[in-house]
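Chemist: So that you have it, the file is final05.txt, and it contains compact mmCIF, C-alpha atoms:
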# COMPACT_ATOMS: atom_id res chain seq x y z
CA MET A 1 14.85 -28.57 -25.06
CA PRO A 2 16.48 -31.19 -22.82
CA THR A 3 19.94 -30.55 -21.47
CA PRO A 4 22.61 -33.08 -22.47
CA ASP A 5 22.52 -34.92 -19.14
CA THR A 6 18.70 -35.34 -19.20
CA SER A 7 18.42 -36.20 -22.87
CA PRO A 8 16.46 -39.37 -23.66
CA ARG A 9 19.64 -40.74 -25.31
CA ALA A 10 22.02 -39.70 -22.51
CA SER A 11 23.32 -43.07 -21.27
CA PRO A 12 23.10 -46.80 -21.95
CA GLY A 13 20.59 -47.18 -19.09
CA SER A 14 18.59 -44.14 -20.14
CA THR A 15 14.84 -43.81 -19.94
CA ARG A 16 14.65 -44.17 -23.72
CA ASP A 17 16.49 -47.47 -23.60
CA ARG A 18 14.25 -48.75 -20.82
CA LEU A 19 11.19 -47.77 -22.87
CA VAL A 20 12.50 -49.67 -25.89
CA LYS A 21 13.21 -52.67 -23.66
CA ALA A 22 9.66 -52.58 -22.24
CA VAL A 23 8.21 -52.47 -25.76
CA THR A 24 10.35 -55.36 -26.99
CA ALA A 25 9.50 -57.40 -23.86
CA LEU A 26 5.89 -57.31 -25.04
CA GLY A 27 6.90 -58.73 -28.42
CA PHE A 28 6.82 -55.50 -30.43
CA PRO A 29 9.74 -54.28 -32.56
CA ALA A 30 12.38 -52.03 -31.00
CA GLU A 31 11.64 -49.42 -33.69
CA LEU A 32 8.21 -48.90 -32.11
CA GLY A 33 9.89 -48.04 -28.81
CA GLY A 34 12.12 -45.52 -30.58
CA VAL A 35 9.15 -43.88 -32.28
CA ILE A 36 7.28 -43.69 -28.98
CA ALA A 37 10.30 -42.12 -27.26
CA GLU A 38 10.69 -39.53 -30.02
CA HIS A 39 6.98 -38.67 -29.94
CA ILE A 40 6.70 -38.36 -26.16
CA GLY A 41 9.99 -36.48 -25.85
CA SER A 42 10.23 -36.02 -22.07
CA PRO A 43 11.82 -38.45 -19.62
CA LYS A 44 8.85 -38.17 -17.23
CA GLY A 45 6.46 -38.95 -20.07
CA MET A 46 8.57 -41.95 -21.02
CA GLU A 47 8.54 -43.12 -17.39
CA ARG A 48 4.75 -42.91 -17.48
CA MET A 49 4.67 -45.00 -20.66
CA ILE A 50 7.02 -47.59 -19.14
CA SER A 51 4.72 -47.90 -16.13
CA TYR A 52 1.73 -48.34 -18.43
CA LEU A 53 3.49 -51.03 -20.46
CA ASN A 54 4.64 -52.93 -17.37
CA HIS A 55 1.31 -52.81 -15.53
CA VAL A 56 -1.26 -53.10 -18.34
CA ARG A 57 0.83 -55.24 -20.70
CA PRO A 58 -1.21 -54.31 -23.80
CA GLU A 59 -1.42 -56.91 -26.54
CA ARG A 60 -2.31 -54.57 -29.41
CA VAL A 61 -0.20 -51.77 -30.84
CA GLU A 62 -3.33 -49.59 -31.03
CA LEU A 63 -3.55 -49.52 -27.24
CA ILE A 64 0.07 -48.45 -26.99
CA ALA A 65 -0.46 -45.72 -29.58
CA ASP A 66 -3.55 -44.45 -27.75
CA GLU A 67 -1.62 -44.19 -24.48
CA MET A 68 1.30 -42.49 -26.24
CA ILE A 69 -1.06 -39.86 -27.67
CA ALA A 70 -2.75 -39.35 -24.29
CA ILE A 71 0.61 -38.84 -22.57
CA ARG A 72 1.73 -36.37 -25.24
CA GLU A 73 -1.54 -34.43 -24.94
CA ASP A 74 -1.05 -34.21 -21.16
CA ILE A 75 2.49 -32.88 -21.66
CA ASP A 76 1.30 -30.31 -24.20
CA ARG A 77 -1.59 -29.24 -21.96
CA TRP A 78 0.79 -28.78 -19.01
CA ARG A 79 3.16 -26.66 -21.11
CA GLU A 80 0.27 -24.50 -22.35
CA LYS A 81 -0.91 -24.04 -18.76
CA LYS A 82 2.55 -22.93 -17.64
CA ALA A 83 2.86 -20.49 -20.56
CA SER A 84 -0.58 -19.09 -19.76
CA GLN A 85 0.35 -18.66 -16.10
CA LYS A 86 3.54 -16.82 -17.07
CA ALA A 87 1.65 -14.52 -19.44
CA ASN A 88 -1.01 -13.89 -16.80
CA ALA A 89 1.66 -13.01 -14.21
CA ALA A 90 3.25 -10.53 -16.63
CA TYR A 91 -0.15 -8.99 -17.40
CA ASN A 92 -0.97 -8.66 -13.70
CA SER A 93 2.40 -7.03 -13.11
CA VAL A 94 1.61 -4.43 -15.77
CA LEU A 95 -1.82 -3.83 -14.22
CA ASN A 96 -0.38 -3.48 -10.71
CA ASN A 97 2.86 -1.62 -11.48
CA GLY A 98 2.24 0.08 -14.83
CA LEU A 99 4.38 -0.07 -17.93
CA ASP A 100 7.12 2.19 -16.59
CA ALA A 101 7.99 0.00 -13.58
CA ASP A 102 11.27 -1.94 -13.72
CA ASP A 103 10.87 -5.69 -14.16
CA GLU A 104 12.08 -7.65 -11.19
Show how you would write the structure in this file as structure tokens.

Modeler:
Amino acid sequence: MPTPDTSPRASPGSTRDRLVKAVTALGFPAELGGVIAEHIGSPKGMERMISYLNHVRPERVELIADEMIAIREDIDRWREKKASQKANAAYNSVLNNGLDADDE
């Protein structure tokens, strides 16, 4: 969960606002930008979407939706990887130190 100062709605010049502005600059409704921001969720993911919109300048909403889904899948895959690494580290600690060892 984002902390208050890194929330997508934190300030007038926030990443979310810049994403909405990039979407509207292409002629799409601001509501689409809000939906994209909510779906992506992370500021880094929104930055990636802003870069895509500014460089590719897609003309169809389907292209924007495809990129939004791809970004979200990358975020989810990264989170799963980190959770797996944490679980693997805990498992290795049990193998190396046993169950009775104090956690550090």

Chemist: I'd like the neighbourhood of region 58-73 of chain A as a PyMOL selection string, where a residue qualifies if any of its atoms comes within 9 Å (using only C-alpha atoms), though same-chain residues fewer than 2 positions away should be ignored.

Modeler: chain A and resi 26-28+32+36+39-41+45-46+48-49+52-56+75-78

Chemist: My list of candidates is A:Ala30, A:Ala37, A:Leu99, A:Ala83. Which is closest to Ile50 (chain A) when distances are computed with all atoms listed in the file?

Modeler: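 Among the listed residues, A:Ala37 lies closest to Ile50 (chain A).
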
Chemist: Provide the CA of Leu19 (chain A) to CA of Glu80 (chain A) distance in Å, to one decimal place.

Modeler: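 Straight-line distance from CA of Leu19 (chain A) to CA of Glu80 (chain A) works out to 25.7 Å.
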
Chemist: Quick one: pull the distance between CA of Arg16 (chain A) and CA of Pro43 (chain A), Å, one decimal.

Modeler: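 Computed distance, CA of Arg16 (chain A) to CA of Pro43 (chain A), equals 7.6 Å.
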
Chemist: What gap, in Å, lies between CA of Lys44 (chain A) and CA of Lys86 (chain A)?

Modeler: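 Atom-to-atom, CA of Lys44 (chain A) and CA of Lys86 (chain A) are spaced 22.0 Å apart.
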
Chemist: So which residues touch Val20 (chain A) within 6 Å, counting all atoms listed in the file, skipping near sequence neighbours fewer than 3 positions away, as an NGL selection string?

Modeler: :A and (17 or 23 or 30 or 33)

Chemist: Would you please work out which residue, of A:Lys21, A:Thr15, A:Lys81, A:Tyr91, is nearest to Glu38 (chain A) when using only C-alpha atoms?

Modeler: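 For Glu38 (chain A), the nearest of the given residues is A:Thr15.
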